[in-house]
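Dropping query.cif in here (mmCIF, C-alpha atoms):
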```cif
data_coords
loop_
_atom_site.label_atom_id
_atom_site.label_comp_id
_atom_site.auth_asym_id
_atom_site.auth_seq_id
_atom_site.Cartn_x
_atom_site.Cartn_y
_atom_site.Cartn_z
CA MET X 1 14.59 24.85 -8.56
CA ASP X 2 12.30 23.72 -11.36
CA VAL X 3 8.57 23.27 -10.88
CA MET X 4 7.12 19.80 -11.45
CA SER X 5 3.37 19.80 -12.14
CA HIS X 6 1.01 16.95 -11.30
CA SER X 7 -2.60 16.35 -12.24
CA SER X 8 -4.72 13.20 -12.05
CA THR X 9 -6.26 13.67 -15.47
CA PHE X 10 -5.85 9.92 -16.00
CA LEU X 11 -8.84 9.44 -13.64
CA LEU X 12 -11.12 11.55 -15.83
CA PRO X 13 -13.24 9.87 -18.48
CA GLY X 14 -12.17 10.39 -22.08
CA ASN X 15 -9.14 9.47 -24.12
CA ASP X 16 -7.62 12.77 -25.06
CA HIS X 17 -4.55 11.52 -26.91
CA SER X 18 -3.73 15.09 -27.83
CA SER X 19 -2.61 15.52 -24.24
CA SER X 20 1.12 16.00 -23.92
CA VAL X 21 1.39 13.13 -21.47
CA THR X 22 1.98 9.60 -22.78
CA TYR X 23 0.35 7.10 -20.46
CA ALA X 24 1.31 3.47 -20.08
CA LEU X 25 -0.75 1.07 -17.96
CA VAL X 26 0.69 -1.84 -15.99
CA VAL X 27 -1.78 -4.30 -14.46
CA LEU X 28 -0.59 -6.22 -11.40
CA ASN X 29 -2.06 -9.27 -9.71
CA GLN X 30 -4.53 -7.62 -7.33
CA ARG X 31 -8.23 -6.94 -7.73
CA LEU X 32 -8.74 -4.50 -10.62
CA PRO X 33 -9.71 -1.02 -9.46
CA ARG X 34 -13.24 -0.27 -10.64
CA PHE X 35 -11.96 2.65 -12.76
CA THR X 36 -9.45 0.48 -14.70
CA PRO X 37 -11.37 1.03 -17.99
CA ILE X 38 -10.77 4.79 -17.63
CA LEU X 39 -7.03 4.22 -17.13
CA TRP X 40 -7.05 1.83 -20.09
CA ASN X 41 -8.55 4.45 -22.39
CA HIS X 42 -5.82 6.96 -21.54
CA ALA X 43 -2.99 4.48 -22.05
CA GLN X 44 -1.10 4.05 -25.30
CA VAL X 45 0.54 0.83 -24.17
CA ARG X 46 -0.98 -1.73 -21.82
CA VAL X 47 1.16 -4.29 -20.02
CA CYS X 48 0.12 -7.14 -17.75
CA ALA X 49 2.62 -8.25 -15.16
CA ASP X 50 2.26 -12.05 -15.07
CA GLY X 51 -0.83 -12.77 -12.88
CA GLY X 52 -2.21 -9.35 -13.79
CA ALA X 53 -3.36 -11.07 -16.98
CA ASN X 54 -5.55 -13.37 -14.88
CA ARG X 55 -7.10 -10.31 -13.24
CA LEU X 56 -7.78 -8.66 -16.58
CA PHE X 57 -9.31 -11.86 -17.97
CA ASP X 58 -11.46 -12.60 -14.89
CA GLU X 59 -12.44 -9.15 -13.69
CA MET X 60 -12.75 -6.80 -16.65
CA PRO X 61 -16.00 -8.55 -17.73
CA LEU X 62 -17.31 -7.97 -14.17
CA LEU X 63 -16.96 -4.22 -14.75
CA PHE X 64 -19.23 -4.55 -17.81
CA PRO X 65 -21.95 -6.92 -16.54
CA ARG X 66 -24.27 -6.19 -19.46
CA ASP X 67 -21.70 -7.01 -22.10
CA ASP X 68 -20.64 -10.40 -23.39
CA ALA X 69 -17.55 -11.50 -21.48
CA ILE X 70 -15.63 -12.60 -24.56
CA ASP X 71 -16.32 -9.24 -26.24
CA VAL X 72 -14.97 -7.43 -23.18
CA ARG X 73 -11.83 -9.57 -23.17
CA HIS X 74 -11.26 -8.80 -26.85
CA ARG X 75 -11.69 -5.07 -26.25
CA TYR X 76 -9.32 -5.07 -23.29
CA LYS X 77 -6.43 -7.06 -24.71
CA PRO X 78 -2.97 -6.20 -23.36
CA ASP X 79 -0.13 -5.36 -25.73
CA ILE X 80 2.39 -7.23 -23.59
CA ILE X 81 2.41 -9.83 -20.85
CA LYS X 82 5.73 -9.78 -19.03
CA GLY X 83 7.19 -11.27 -15.91
CA ASP X 84 8.35 -14.54 -14.48
CA MET X 85 5.17 -16.34 -15.55
CA ASP X 86 4.64 -18.24 -12.34
CA SER X 87 1.10 -16.94 -11.76
CA ILE X 88 -0.57 -16.64 -15.15
CA ARG X 89 -3.01 -19.44 -15.95
CA THR X 90 -2.37 -21.44 -19.11
CA GLU X 91 -5.79 -20.74 -20.62
CA VAL X 92 -5.34 -16.99 -20.04
CA LEU X 93 -1.90 -17.03 -21.66
CA ASP X 94 -3.27 -18.95 -24.65
CA PHE X 95 -6.28 -16.64 -25.00
CA TYR X 96 -4.22 -13.48 -25.22
CA THR X 97 -1.44 -15.05 -27.29
CA ASN X 98 -4.03 -16.06 -29.86
CA LEU X 99 -5.21 -12.45 -30.00
CA GLY X 100 -1.70 -11.22 -30.72
CA THR X 101 -0.51 -10.16 -27.27
CA LYS X 102 3.28 -10.31 -27.09
CA VAL X 103 4.59 -12.47 -24.26
CA VAL X 104 7.99 -11.74 -22.78
CA ASP X 105 9.06 -14.51 -20.43
CA GLU X 106 11.51 -13.23 -17.84
CA SER X 107 11.50 -16.29 -15.61
CA HIS X 108 15.29 -16.43 -15.81
CA ASP X 109 15.45 -13.19 -13.85
CA GLN X 110 14.46 -13.90 -10.28
CA ASP X 111 16.20 -10.87 -8.85
CA THR X 112 13.72 -8.23 -9.89
CA THR X 113 10.02 -7.90 -9.23
CA ASP X 114 7.41 -8.12 -11.96
CA LEU X 115 6.65 -4.40 -11.66
CA ARG X 116 10.31 -3.50 -11.99
CA LYS X 117 10.55 -5.61 -15.16
CA CYS X 118 7.48 -3.90 -16.62
CA VAL X 119 8.67 -0.38 -15.82
CA ALA X 120 12.08 -1.11 -17.36
CA TYR X 121 10.32 -2.50 -20.44
CA VAL X 122 8.14 0.59 -20.90
CA ARG X 123 11.11 2.87 -20.31
CA ASP X 124 13.49 1.13 -22.69
CA LEU X 125 11.77 -1.04 -25.20
CA ALA X 126 8.21 -0.02 -25.85
CA PRO X 127 8.24 0.78 -29.56
CA ASN X 128 6.68 3.86 -31.10
CA LEU X 129 6.08 5.46 -27.73
CA ASP X 130 6.79 9.13 -27.20
CA LYS X 131 8.56 8.95 -23.88
CA SER X 132 9.41 12.60 -23.52
CA ASN X 133 6.49 13.00 -21.14
CA LEU X 134 5.84 9.48 -19.95
CA CYS X 135 3.58 8.53 -17.05
CA ILE X 136 3.21 4.89 -15.98
CA LEU X 137 -0.08 4.00 -14.28
CA VAL X 138 0.05 0.87 -12.11
CA ALA X 139 -3.27 -0.79 -11.27
CA GLY X 140 -3.47 -3.17 -8.32
CA ALA X 141 -0.27 -1.85 -6.73
CA LEU X 142 -1.48 -1.59 -3.15
CA GLY X 143 -3.13 -3.86 -0.60
CA GLY X 144 -2.61 -7.59 -0.40
CA ARG X 145 0.78 -8.72 0.83
CA PHE X 146 2.72 -5.88 2.45
CA ASP X 147 6.08 -7.04 1.08
CA HIS X 148 4.65 -6.74 -2.44
CA GLU X 149 3.37 -3.25 -1.64
CA ALA X 150 6.77 -2.23 -0.22
CA GLY X 151 8.49 -3.63 -3.31
CA ASN X 152 6.13 -1.62 -5.53
CA ILE X 153 6.85 1.54 -3.54
CA ASN X 154 10.56 0.82 -3.89
CA VAL X 155 10.12 0.86 -7.68
CA LEU X 156 9.03 4.51 -7.35
CA TYR X 157 12.30 5.28 -5.54
CA ARG X 158 14.46 3.23 -7.93
CA PHE X 159 12.99 4.95 -10.99
CA SER X 160 12.71 8.39 -9.40
CA THR X 161 13.05 10.24 -12.71
CA ILE X 162 10.00 8.51 -14.27
CA ARG X 163 6.46 9.46 -13.32
CA ILE X 164 4.90 6.29 -11.87
CA ILE X 165 1.50 6.31 -10.16
CA LEU X 166 0.47 3.39 -7.91
CA LEU X 167 -3.31 2.97 -7.85
CA SER X 168 -5.85 1.02 -5.84
CA ASP X 169 -9.60 1.39 -5.46
CA ASP X 170 -9.08 3.63 -2.44
CA CYS X 171 -6.11 5.86 -3.21
CA LEU X 172 -3.11 6.69 -5.35
CA ILE X 173 0.55 7.24 -4.49
CA TYR X 174 3.44 8.85 -6.34
CA LEU X 175 6.89 10.16 -5.58
CA LEU X 176 7.66 13.86 -5.15
CA PRO X 177 11.41 14.04 -5.79
CA ARG X 178 13.36 16.47 -3.62
CA THR X 179 14.90 17.95 -6.75
CA HIS X 180 11.75 19.87 -7.63
CA HIS X 181 9.19 22.28 -6.28
CA HIS X 182 5.87 20.50 -6.76
CA GLU X 183 2.47 21.81 -7.85
CA ILE X 184 -0.35 19.30 -7.47
CA HIS X 185 -3.56 20.27 -9.25
CA ILE X 186 -6.47 18.55 -7.53
CA GLN X 187 -9.21 16.97 -9.68
CA SER X 188 -11.84 17.26 -6.98
CA SER X 189 -14.51 15.33 -8.89
CA VAL X 190 -12.42 12.15 -8.63
CA GLU X 191 -9.90 12.55 -5.82
CA GLY X 192 -9.52 13.87 -2.29
CA PRO X 193 -9.98 15.30 0.19
CA HIS X 194 -7.96 12.85 2.31
CA CYS X 195 -4.24 13.03 1.65
CA GLY X 196 -0.80 12.63 3.18
CA LEU X 197 2.92 13.13 2.72
CA ILE X 198 4.99 10.14 3.77
CA PRO X 199 8.80 10.22 4.29
CA ILE X 200 9.50 6.60 3.39
CA GLY X 201 13.07 5.50 3.63
CA MET X 202 14.61 8.51 5.36
CA THR X 203 13.91 11.44 7.60
CA SER X 204 12.74 14.57 5.82
CA VAL X 205 14.49 17.43 7.62
CA SER X 206 12.35 20.16 6.12
CA THR X 207 9.06 20.20 4.21
CA THR X 208 6.92 23.22 3.32
CA THR X 209 3.44 23.02 1.83
CA THR X 210 0.52 25.23 0.82
CA GLY X 211 -3.09 24.25 0.21
CA LEU X 212 -3.47 21.61 2.93
CA GLN X 213 -5.66 21.76 6.03
CA TRP X 214 -2.54 21.23 8.13
CA ASP X 215 0.24 22.83 6.13
CA LEU X 216 3.89 22.19 6.94
CA THR X 217 6.41 25.02 7.32
CA ASN X 218 10.00 23.81 7.34
CA THR X 219 8.64 20.90 9.34
CA GLU X 220 10.68 17.78 10.03
CA MET X 221 8.96 14.47 9.30
CA ARG X 222 10.11 10.95 10.12
CA PHE X 223 8.77 7.58 11.17
CA GLY X 224 8.71 7.50 14.95
CA ASP X 225 7.68 11.12 15.07
CA MET X 226 5.52 13.24 12.78
CA VAL X 227 4.23 11.91 9.47
CA SER X 228 1.52 13.82 7.60
CA THR X 229 -1.47 11.47 7.45
CA SER X 230 -5.22 12.13 7.54
CA ASN X 231 -4.53 15.56 6.07
CA LEU X 232 -7.08 17.28 3.85
CA VAL X 233 -6.72 19.20 0.60
CA GLN X 234 -8.26 22.63 0.58
CA GLY X 235 -8.92 24.09 -2.81
CA GLU X 236 -7.44 23.25 -6.14
CA LYS X 237 -3.68 23.51 -5.83
CA ILE X 238 -1.22 22.04 -3.39
CA THR X 239 2.46 22.99 -3.36
CA VAL X 240 5.17 20.88 -1.75
CA GLN X 241 8.89 21.35 -1.38
CA SER X 242 11.04 19.03 0.72
CA SER X 243 14.66 18.25 1.50
CA SER X 244 13.90 14.54 0.87
CA ASP X 245 11.90 12.47 -1.57
CA LEU X 246 8.33 12.15 -0.27
CA LEU X 247 5.38 9.98 -1.18
CA TRP X 248 2.21 11.93 -1.95
CA THR X 249 -1.02 10.02 -1.39
CA ILE X 250 -4.62 11.09 -1.97
CA SER X 251 -7.92 9.24 -1.66
CA ILE X 252 -9.91 8.35 -4.77
CA LYS X 253 -13.63 9.05 -4.74
CA MET X 254 -14.81 7.24 -7.87
CA MET U 1 -18.79 -10.64 12.89
CA PRO U 2 -22.18 -12.26 12.16
CA LEU U 3 -20.96 -12.87 8.57
CA LEU U 4 -18.17 -15.04 9.95
CA PHE U 5 -20.80 -17.21 11.71
CA PRO U 6 -23.46 -17.58 9.01
CA ARG U 7 -25.28 -20.41 10.82
CA ASP U 8 -25.67 -18.52 14.07
CA ASP U 9 -28.22 -15.88 14.97
CA ALA U 10 -26.74 -12.45 14.28
CA ILE U 11 -27.81 -10.94 17.61
CA ASP U 12 -26.28 -13.90 19.52
CA VAL U 13 -22.99 -13.37 17.71
CA ARG U 14 -22.99 -9.65 18.51
CA HIS U 15 -23.60 -10.44 22.20
CA ARG U 16 -20.72 -12.95 22.27
CA TYR U 17 -18.35 -10.51 20.56
CA LYS U 18 -18.94 -7.39 22.63
CA PRO U 19 -16.02 -4.97 22.94
CA ASP U 20 -14.86 -3.78 26.36
CA ILE U 21 -14.14 -0.28 25.07
CA ILE U 22 -15.03 1.89 22.10
CA LYS U 23 -12.59 4.74 21.78
CA GLY U 24 -11.74 7.40 19.25
CA ASP U 25 -13.07 10.59 17.78
CA MET U 26 -16.47 9.03 17.11
CA ASP U 27 -16.89 10.44 13.62
CA SER U 28 -17.51 7.05 11.97
CA ILE U 29 -19.49 4.89 14.43
CA ARG U 30 -23.18 4.59 13.56
CA THR U 31 -25.64 5.68 16.24
CA GLU U 32 -27.45 2.34 16.38
CA VAL U 33 -24.12 0.53 16.81
CA LEU U 34 -23.06 2.85 19.63
CA ASP U 35 -26.43 2.37 21.34
CA PHE U 36 -26.34 -1.41 20.93
CA TYR U 37 -22.96 -1.82 22.61
CA THR U 38 -23.58 0.86 25.25
CA ASN U 39 -26.69 -1.06 26.30
CA LEU U 40 -24.58 -4.19 26.71
CA GLY U 41 -22.16 -2.40 29.02
CA THR U 42 -19.34 -1.42 26.65
CA LYS U 43 -17.44 1.60 27.94
CA VAL U 44 -17.30 4.48 25.48
CA VAL U 45 -14.42 6.94 25.61
CA ASP U 46 -15.02 9.92 23.37
CA GLU U 47 -11.76 11.51 22.28
CA SER U 48 -13.22 13.81 19.64
CA HIS U 49 -11.49 16.77 21.29
CA ASP U 50 -8.16 15.32 20.25
CA GLN U 51 -7.78 15.73 16.51
CA ASP U 52 -3.99 15.49 16.56
CA THR U 53 -3.64 11.76 17.07
CA THR U 54 -5.01 8.84 15.10
CA ASP U 55 -7.61 6.45 16.45
CA LEU U 56 -5.03 3.65 16.67
CA ARG U 57 -2.62 5.81 18.60
CA LYS U 58 -5.37 6.67 21.11
CA CYS U 59 -6.22 2.98 21.54
CA VAL U 60 -2.60 1.87 22.00
CA ALA U 61 -2.05 4.62 24.59
CA TYR U 62 -5.24 3.49 26.35
CA VAL U 63 -4.16 -0.15 26.54
CA ARG U 64 -0.69 0.82 27.66
CA ASP U 65 -1.76 3.27 30.38
CA LEU U 66 -5.28 2.76 31.53
CA ALA U 67 -6.54 -0.76 30.86
CA PRO U 68 -7.44 -1.98 34.34
CA ASN U 69 -6.50 -5.38 35.70
CA LEU U 70 -4.22 -6.08 32.78
CA ASP U 71 -0.84 -7.66 33.38
CA LYS U 72 1.26 -5.51 31.06
CA SER U 73 4.61 -7.11 31.83
CA ASN U 74 4.34 -9.11 28.63
CA LEU U 75 1.83 -7.17 26.59
CA CYS U 76 1.14 -7.71 22.89
CA ILE U 77 -1.40 -5.56 21.05
CA LEU U 78 -3.06 -7.18 18.02
CA VAL U 79 -4.52 -4.72 15.49
CA ALA U 80 -7.12 -6.08 13.07
CA GLY U 81 -7.86 -4.16 9.87
CA ALA U 82 -4.62 -2.18 10.00
CA LEU U 83 -3.59 -2.50 6.36
CA GLY U 84 -5.09 -1.85 2.96
CA GLY U 85 -7.60 0.88 2.25
CA ARG U 86 -6.22 4.42 2.29
CA PHE U 87 -2.44 4.45 2.21
CA ASP U 88 -2.17 7.44 4.54
CA HIS U 89 -4.10 5.46 7.19
CA GLU U 90 -1.78 2.51 6.66
CA ALA U 91 1.30 4.76 6.96
CA GLY U 92 -0.15 6.29 10.13
CA ASN U 93 -0.70 2.81 11.57
CA ILE U 94 2.86 1.81 10.72
CA ASN U 95 4.06 5.02 12.38
CA VAL U 96 2.33 3.88 15.60
CA LEU U 97 4.71 0.88 15.60
CA TYR U 98 7.68 3.26 15.46
CA ARG U 99 6.26 5.68 18.04
CA PHE U 100 5.60 2.89 20.54
CA SER U 101 8.70 0.87 19.70
CA THR U 102 8.96 -0.67 23.17
CA ILE U 103 5.47 -2.26 22.99
CA ARG U 104 4.77 -5.36 20.91
CA ILE U 105 2.15 -4.28 18.35
CA ILE U 106 1.13 -6.55 15.46
CA LEU U 107 -0.71 -5.09 12.44
CA LEU U 108 -2.92 -7.68 10.74
CA SER U 109 -4.88 -8.00 7.53
CA ASP U 110 -6.36 -10.99 5.74
CA ASP U 111 -3.15 -11.38 3.73
CA CYS U 112 -0.26 -10.66 6.09
CA LEU U 113 1.03 -9.31 9.37
CA ILE U 114 3.64 -6.67 10.19
CA TYR U 115 5.59 -5.84 13.33
CA LEU U 116 8.63 -3.87 14.32
CA LEU U 117 12.02 -5.47 14.98
CA PRO U 118 13.79 -2.84 17.11
CA ARG U 119 17.51 -2.40 16.45
CA THR U 120 18.16 -2.79 20.16
CA HIS U 121 17.69 -6.56 20.04
CA HIS U 122 18.78 -9.71 18.27
CA HIS U 123 15.53 -11.26 17.04
CA GLU U 124 14.38 -14.87 16.88
CA ILE U 125 11.21 -15.41 14.89
CA HIS U 126 9.58 -18.81 15.38
CA ILE U 127 7.47 -19.60 12.32
CA GLN U 128 4.02 -21.12 12.83
CA SER U 129 3.99 -22.76 9.41
CA SER U 130 0.41 -23.99 9.65
CA VAL U 131 -0.86 -20.41 9.63
CA GLU U 132 1.86 -18.17 8.21
CA GLY U 133 4.48 -17.97 5.49
CA PRO U 134 6.33 -18.70 3.38
CA HIS U 135 6.34 -15.21 1.81
CA CYS U 136 8.11 -12.63 3.94
CA GLY U 137 10.15 -9.45 3.90
CA LEU U 138 12.25 -7.01 5.92
CA ILE U 139 11.45 -3.36 5.21
CA PRO U 140 13.58 -0.35 6.28
CA ILE U 141 10.66 2.07 6.29
CA GLY U 142 11.99 4.97 8.27
CA MET U 143 15.67 5.08 7.45
CA THR U 144 18.47 3.33 5.66
CA SER U 145 19.58 0.16 7.40
CA VAL U 146 23.36 0.12 7.08
CA SER U 147 23.76 -3.50 8.10
CA THR U 148 21.34 -6.41 8.49
CA THR U 149 22.19 -10.07 9.02
CA THR U 150 19.66 -12.90 8.91
CA THR U 151 19.46 -16.67 9.06
CA GLY U 152 16.62 -18.95 7.97
CA LEU U 153 15.53 -17.06 4.85
CA GLN U 154 15.79 -18.19 1.24
CA TRP U 155 17.81 -15.05 0.51
CA ASP U 156 19.66 -14.33 3.75
CA LEU U 157 21.33 -10.99 4.36
CA THR U 158 24.92 -10.75 5.59
CA ASN U 159 25.84 -7.27 6.81
CA THR U 160 23.74 -6.12 3.88
CA GLU U 161 22.68 -2.51 3.47
CA MET U 162 19.00 -1.95 2.75
CA ARG U 163 17.27 1.28 1.76
CA PHE U 164 14.45 2.55 -0.41
CA GLY U 165 15.89 3.35 -3.82
CA ASP U 166 18.14 0.33 -3.61
CA MET U 167 17.72 -3.09 -2.02
CA VAL U 168 14.72 -3.90 0.16
CA SER U 169 14.04 -7.52 1.13
CA THR U 170 10.66 -8.38 -0.41
CA SER U 171 9.29 -11.62 -1.88
CA ASN U 172 11.66 -13.50 0.40
CA LEU U 173 10.78 -16.96 1.71
CA VAL U 174 11.10 -18.53 5.14
CA GLN U 175 12.94 -21.82 5.22
CA GLY U 176 12.35 -23.91 8.27
CA GLU U 177 11.09 -22.97 11.68
CA LYS U 178 13.31 -20.21 12.96
CA ILE U 179 14.45 -16.91 11.49
CA THR U 180 17.05 -14.68 13.14
CA VAL U 181 17.46 -10.98 12.37
CA GLN U 182 19.86 -8.37 13.64
CA SER U 183 20.04 -4.89 12.17
CA SER U 184 21.59 -1.48 12.77
CA SER U 185 18.13 0.09 12.26
CA ASP U 186 14.55 -0.64 13.21
CA LEU U 187 13.03 -2.91 10.55
CA LEU U 188 9.52 -4.01 9.73
CA TRP U 189 9.08 -7.77 9.54
CA THR U 190 6.22 -8.95 7.35
CA ILE U 191 4.98 -12.46 6.63
CA SER U 192 2.04 -13.76 4.64
CA ILE U 193 -0.92 -15.36 6.43
CA LYS U 194 -2.24 -18.61 4.99
CA MET U 195 -5.54 -18.99 6.84
#
```
Turn this file's structure into structure tokens for me.
Amino acid sequence: MDVMSHSSTFLLPGNDHSSSVTYALVVLNQRLPRFTPILWNHAQVRVCADGGANRLFDEMPLLFPRDDAIDVRHRYKPDIIKGDMDSIRTEVLDFYTNLGTKVVDESHDQDTTDLRKCVAYVRDLAPNLDKSNLCILVAGALGGRFDHEAGNINVLYRFSTIRIILLSDDCLIYLLPRTHHHEIHIQSSVEGPHCGLIPIGMTSVSTTTTGLQWDLTNTEMRFGDMVSTSNLVQGEKITVQSSSDLLWTISIKM
Amino acid sequence: MPLLFPRDDAIDVRHRYKPDIIKGDMDSIRTEVLDFYTNLGTKVVDESHDQDTTDLRKCVAYVRDLAPNLDKSNLCILVAGALGGRFDHEAGNINVLYRFSTIRIILLSDDCLIYLLPRTHHHEIHIQSSVEGPHCGLIPIGMTSVSTTTTGLQWDLTNTEMRFGDMVSTSNLVQGEKITVQSSSDLLWTISIKM
């Protein structure tokens, strides 16, 4: 079984575009995490999902209180605004359109969520993007309405062969597919120690880990019985192997 | 609580909203808060010896087993502050719904509520449209739901399979005053709160 490596280098300051990972950022319609500028700097394409454009417009200046708001909005201009367009305010749409942001109106498609549309766009259509090692960062993916959160988590399962990281101010989540043995390299300056492994959608008959305070050894996990929450990372490397897809979650300390 | 009553004296508010019990592993409560409520007669149950169960699980077990003078024949446990924040906490709170599937437990946040619809029953959900809705969903968190049938939703399900990786009912809408749900698996019902 192949090893899949994970590292939250996207939370570290800097914009090392020589990194082998190509980051894309999708901004959803929840309060912007306070570290959104760091994610932005790592990303080579930046997409707002409908009302996410309102969040960028309203809240990015709040993260730079000493700067002129219009300057901040110019600096943090999305490449694309995509979705069903039922949340974005007219003045926000006009502002970014005038700056050259491409708008892709998908209001005809009511069967898929805004995040799903944006992930499909990045996967298929984003021009000039090296997608051989793609990682999609999703800001504002958690909290708020639970059905939205569940729909966002479902996008991780639907696109299980693409690295997608859901981010909020408090934590991040990504899928650990059962097809791989996972090595998670902990960036302890920005994440941890609180973590968990969550068997969403089906029972996990057997999971084995190393590097956690409460490691699992061929342990069964399912809702209604044991689920690994309030666990703690110990040290710099976690390994996970499971008979089912699992969600990995870790707290963010920025 | 005083912030929710900005015109009242903070100490008065804290006296009016005094808990009966404080329970858990006590690693978060501030000393002055513990002292304040202890002095008012709140019972404190220190469970710091038990690191295997979450604070919510301890509290649900307490209400179910030990709460004196409580008619538990039709018990419903409301949990404030159950969602958002760390996802592992949220998942642990949702797991409490599945562990205690025979007790009505409602998880609440500012934006929405969640509760379990056990597969053992046909469910009728009466919508209080002044305070909740219209956004809703049915989520098969723990396992595939082979067959779910609903009435009263914008996008009703008819013997529809739901599972993560495929179809999950999110961004649905309630239509009217009554929803019915029957499923081959336990489902989470969620609806937005409009207060």
Check what the PyMOL selection byres ((chain X) within 7 of (chain U)) selects in the file above and give those residues as an MDAnalysis selection string.
chainID X and resid 143:148 151 154 157:158 170:171 195:196 200:203 222:225 229:230 249 251
Emit the selected residues as a PDB file, in the frame of the given file, including C-alpha atoms.
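Output below, filename result.pdb:
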```
ATOM      1  CA  GLY X 143      -3.130  -3.860  -0.600  1.00  0.00           C
ATOM      2  CA  GLY X 144      -2.610  -7.590  -0.400  1.00  0.00           C
ATOM      3  CA  ARG X 145       0.780  -8.720   0.830  1.00  0.00           C
ATOM      4  CA  PHE X 146       2.720  -5.880   2.450  1.00  0.00           C
ATOM      5  CA  ASP X 147       6.080  -7.040   1.080  1.00  0.00           C
ATOM      6  CA  HIS X 148       4.650  -6.740  -2.440  1.00  0.00           C
ATOM      7  CA  GLY X 151       8.490  -3.630  -3.310  1.00  0.00           C
ATOM      8  CA  ASN X 154      10.560   0.820  -3.890  1.00  0.00           C
ATOM      9  CA  TYR X 157      12.300   5.280  -5.540  1.00  0.00           C
ATOM     10  CA  ARG X 158      14.460   3.230  -7.930  1.00  0.00           C
ATOM     11  CA  ASP X 170      -9.080   3.630  -2.440  1.00  0.00           C
ATOM     12  CA  CYS X 171      -6.110   5.860  -3.210  1.00  0.00           C
ATOM     13  CA  CYS X 195      -4.240  13.030   1.650  1.00  0.00           C
ATOM     14  CA  GLY X 196      -0.800  12.630   3.180  1.00  0.00           C
ATOM     15  CA  ILE X 200       9.500   6.600   3.390  1.00  0.00           C
ATOM     16  CA  GLY X 201      13.070   5.500   3.630  1.00  0.00           C
ATOM     17  CA  MET X 202      14.610   8.510   5.360  1.00  0.00           C
ATOM     18  CA  THR X 203      13.910  11.440   7.600  1.00  0.00           C
ATOM     19  CA  ARG X 222      10.110  10.950  10.120  1.00  0.00           C
ATOM     20  CA  PHE X 223       8.770   7.580  11.170  1.00  0.00           C
ATOM     21  CA  GLY X 224       8.710   7.500  14.950  1.00  0.00           C
ATOM     22  CA  ASP X 225       7.680  11.120  15.070  1.00  0.00           C
ATOM     23  CA  THR X 229      -1.470  11.470   7.450  1.00  0.00           C
ATOM     24  CA  SER X 230      -5.220  12.130   7.540  1.00  0.00           C
ATOM     25  CA  THR X 249      -1.020  10.020  -1.390  1.00  0.00           C
ATOM     26  CA  SER X 251      -7.920   9.240  -1.660  1.00  0.00           C
TER      27      SER X 251
END
```
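The interatomic distance for the pair atom CA of U:Thr150 and atom CA of U:Val174 works out to 10.9 Å.
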Between atom CA of U:Asp50 and atom CA of X:Leu212 - distance in Å to one decimal:
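Between atom CA of X:Leu212 and atom CA of U:Asp50 the gap works out to 19.0 Å.
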Residues returned when the PyMOL selection byres ((chain X and resi 181) around 6) runs on this file, as a PyMOL selection string:
chain X and resi 3+180+182+241
Using only C-alpha atoms for the distances, tell me which of X:Ile252, X:Leu28, X:Leu63, X:Ala43 is nearest to X:Glu149.
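The shortest atom-to-atom distance to X:Glu149 comes from X:Leu28.
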Evaluate the PyMOL selection byres ((chain U and resi 158) around 12) here and jot the selected residues down as number ranges by chain.
U: 146-153, 155-157, 159-162, 180-183
Restricting the calculation to only C-alpha atoms: of X:Ser132, X:Asn152, X:Thr209, X:Thr161, which residue gets closest to X:Val26?
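Closest to X:Val26, using only C-alpha atoms: X:Asn152.
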Neighbouring residues of U:Val33 were defined as those with any atom within 12 Å, considering all atoms listed in the file; residues of the same chain fewer than 3 positions away were excluded. Please report them as a list in words.
Arg14, Lys18, Pro19, Ile22, Met26, Ser28, Ile29, Arg30, Phe36, Tyr37, Thr38, Asn39, Leu40, Thr42 and Val44 of chain U
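Nearest to U:Ile103 of all the residues U:Ile11, U:Val60, U:Ala80, U:Ile21 is U:Val60, counting all atoms listed in the file.
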Can you list, as a PyMOL selection string, every protein, DNA or RNA residue that comes within 12 Å of X:Ser5 when you count all atoms listed in the file, leaving out same-chain residues fewer than 4 positions away?
chain X and resi 9+21+133+163+176-177+180-186+237-240
Could you check how far atom CA of X:Ala49 sits from atom CA of X:Leu175, in Å to one decimal?
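Taking atom CA of X:Ala49 and atom CA of X:Leu175, their separation equals 21.2 Å.
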Starting from the incomplete input, reconstruct N, CA and C atoms of stretch 7-12 of chain U and write that as a PDB file, in the frame of the given file.
```pdb
ATOM      1  N   ARG U   7     -24.222 -19.514  10.320  1.00  0.00           N
ATOM      2  CA  ARG U   7     -25.280 -20.410  10.820  1.00  0.00           C
ATOM      3  C   ARG U   7     -25.839 -19.986  12.160  1.00  0.00           C
ATOM      4  N   ASP U   8     -25.200 -18.960  12.753  1.00  0.00           N
ATOM      5  CA  ASP U   8     -25.670 -18.520  14.070  1.00  0.00           C
ATOM      6  C   ASP U   8     -26.569 -17.307  13.925  1.00  0.00           C
ATOM      7  N   ASP U   9     -27.371 -17.076  14.946  1.00  0.00           N
ATOM      8  CA  ASP U   9     -28.220 -15.880  14.970  1.00  0.00           C
ATOM      9  C   ASP U   9     -27.341 -14.648  15.122  1.00  0.00           C
ATOM     10  N   ALA U  10     -27.608 -13.627  14.302  1.00  0.00           N
ATOM     11  CA  ALA U  10     -26.740 -12.450  14.280  1.00  0.00           C
ATOM     12  C   ALA U  10     -26.666 -11.763  15.647  1.00  0.00           C
ATOM     13  N   ILE U  11     -27.803 -11.639  16.320  1.00  0.00           N
ATOM     14  CA  ILE U  11     -27.810 -10.940  17.610  1.00  0.00           C
ATOM     15  C   ILE U  11     -26.989 -11.712  18.645  1.00  0.00           C
ATOM     16  N   ASP U  12     -27.103 -13.077  18.622  1.00  0.00           N
ATOM     17  CA  ASP U  12     -26.280 -13.900  19.520  1.00  0.00           C
ATOM     18  C   ASP U  12     -24.795 -13.632  19.302  1.00  0.00           C
TER      19      ASP U  12
END
```
